[in-house]
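Notes to accompany the following structure.
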Amino acid sequence: MLIKLKRGWEKPESAVTPEHLFWNRRRLIKSIAAGPIIAGAASFLGKEAFANTDPSATLYPFKKNDKYKAPRPITSEMLAATYNNYYEFGSSKRIFEAAKALPLRPWEIKVAGMVEKPFTIGLDDLMKKMPLEERIYAHRCVEAWSMVVPWSGFAMKAFLELAKPLASAKYVVMKTFQNPKVAAGQRASWFPWPYTEGLTMAEAANELTLLVTGVYGKPLPHSMGAPLRLHTPWKYGFKSVKAIVLVEFTDKRPTSFWEELQGNEYGFWANVNPDMPHPRWSQATETVLGQDEKVPTVIWNGYGEFVAHMYKDLKGEKLFM
Ligand SMILES: Nc1nc2c(c(=O)[nH]1)N[C@H]1C(S)=C(S)[C@@H](COP(=O)(O)O)O[C@H]1N2
Ligand SMILES: [Mo]
C-alpha cells in the first residue's frame, strides 16, 4: 500500500511506486539476464515457493466452477506468488522468502462474537466440511495493479452456515495471525496489528465472496496468505485479508487496518470504481502484472451483475474508497 508521507519512518512515494513495474515481463527477463536477480526469485524458479508439506495438498485440484469470468488470461504463477502486499513481512513487494517463516500447521480458526455458539476449528477439519471449488477471479489492488488468478477455496456463504451468526449480527470481522517472532513487520508498533478487515453480512453471504485455501490448483504459497485468506473480487485488494485466524460477528462496523492508519484514503467499502480517484492517484486504469500496457479499470472490477444490488439503497456512504 502507498502510505502518505507524514512521518520520518514512511517511505517517500517515489521509493514505492516503481515496484508496480518491477515484474513486468521485459524487465524481469532483463534482470535475470543481467545476473543480479534476487536470490529468492531464482529459488522460486526452482519451485521452492510452492514446495510444501501441506496436509491438504492431496485435495487439489478442486472442482472448477466456470460461472465467474475474468477479463484477461491468467497471470503467471510466478508473478502472482512473488509480487505481493503482505505488510506483516515487510513493506516491499518481495516478501515471499520472509513469509515462508510462518508455520502453517496447526492452524486454527476461532469463530466468535454474535454466533449461536462460539467455536474453534482446525483448518483441515474445516476443509472437510466445505464445498471446495476453484474460480478464476480478477484481483485489483488499490495501488492500480491487477492480476487474474485461479483461486481455490469455498464460498463464505457455506462458512456462514457452519458459523451460525445471530440475526442481530451486522458485520463479519476477519483478523490475521499475530506473531512478531516470525513476522518482522509486526515489530513495527505504529501499525495497528493484527491486520483486520470486515464485510457486511450481505457482502459476506454474497455468492462471490470466497475463502481461499489455494491458487493454481495447489495450496496457497505463504506469500499469498496461506493457509486461509479472503477474496472479494469487486473490492480493492486490501479487503482480501490473509492468514485468517479469527472470524468474529458483530453489530458494530469494524475499522480496518488501512482505515485506522489512513482513513481519508482507505475506507470500509473499497469497491472498485475507475471514476473515483484515490486522493493521490487516478483509478481509471491499471497495470496488469506481466503486461506492459495499462488497461482501463471497470466499475465493480467487472462483477457488478453480482454485487451492485447490495449498494442500491445505501445513501451517504463512501462506497468507493
Ligand atoms: N494480512 C494481510 N493481508 C493482506 C495484506 C497485508 O499486508 N496483510 N495486503 C492486502 C493487499 S493491499 C492486497 S493487494 C492483497 C495482495 O494479495 P496478493 O499478495 O496475494 O496479491 O492482500 C491484501 N491482504
Ligand atoms: Mo492492495
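So you can find residues: chains in the C-alpha cells are A, B, ... in the order shown, residues in each start at 1, and ligands are numbered from 1 in order.
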
Note to self: Just want the 10 Å neighbourhood of stretch 234-239 of chain A, counted on only C-alpha atoms, with same-chain residues fewer than 5 positions away dropped. Output as a count of residues only.
What the structure shows: 45

Item checked: Who sits within 12 Å of A:Lys129, only C-alpha atoms, same chain under 2 positions skipped, as an MDAnalysis selection string -> chainID A and resid 121:127 131:132 153:155 158:159 161:163

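A straight line drawn from atom CA of A:Val148 to atom CA of A:Pro73 is 6.7 Å long.
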
Notebook entry, point to check: Within 8 Å of stretch 62-66 of chain A, counting only C-alpha atoms, which residues qualify if same-chain residues fewer than 5 places away don't, as a VMD selection string?
Noted result: chain A and resid 132 to 136 152 217

Notebook entry, point to check: If you run DSSP on this backbone, which residues of stretch 49-270 of chain A come out as strand (DSSP E), and could you give them as a PyMOL selection string?
Noted result: chain A and resi 63-64+108-113+119-122+133-140+145-155+171-176+196-200+210-215+218-219+229-231+244-250

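Atom CA of A:Phe177 is positioned 17.4 Å from atom CA of A:Phe249.
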
Check: Quick one: residues within 9 Å of A:Pro194, only C-alpha atoms counted, chain neighbours fewer than 2 positions away excluded, as JSON, numbers by chain?
Finding: {"A": [88, 175, 176, 177, 178, 186, 191, 192, 196, 257]}

Note to self: Just the number, please: distance in Å from atom CA of A:Val115 to atom CA of A:Leu166, one decimal.
What the structure shows: 5.1 Å

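When only C-alpha atoms and all ligand atoms are used to compute distances to ligand 1, the closest of the residues A:Tyr171, A:Tyr216, A:Trp281, A:Trp107 turns out to be A:Tyr216.
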
Checklist line | Minimum-distance residue to A:His231, chosen among A:Pro279, A:Pro150, A:Gly185, A:Gly113 (using only C-alpha atoms) | finding: A:Pro150

Next item on the list: Would you list the contacts of A:Ser76 as an MDAnalysis selection string, taking every protein, DNA or RNA residue within 10 Å and counting only C-alpha atoms, but skipping same-chain residues closer than 5 positions in sequence?
Entry: chainID A and resid 81 147:149 216 289:290

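The closest residue to ligand 1, picked from A:Met310, A:Ala243, A:Leu211, A:Met276 and counting only C-alpha atoms and all ligand atoms, is A:Ala243.
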
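Note that DSSP on the backbone gives helix (DSSP H, G or I) to these residues of stretch 290-319 of chain A: Ile299, Trp300, Asn301, Gly302, Gly304, Glu305, Phe306, Val307, Ala308, His309, Met310 and Tyr311 of chain A.
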
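For the choices A:Val212, A:Ser240, A:Leu2, A:Val173, the atom-to-atom distance to ligand 1 is smallest for A:Ser240 when using only C-alpha atoms and all ligand atoms.
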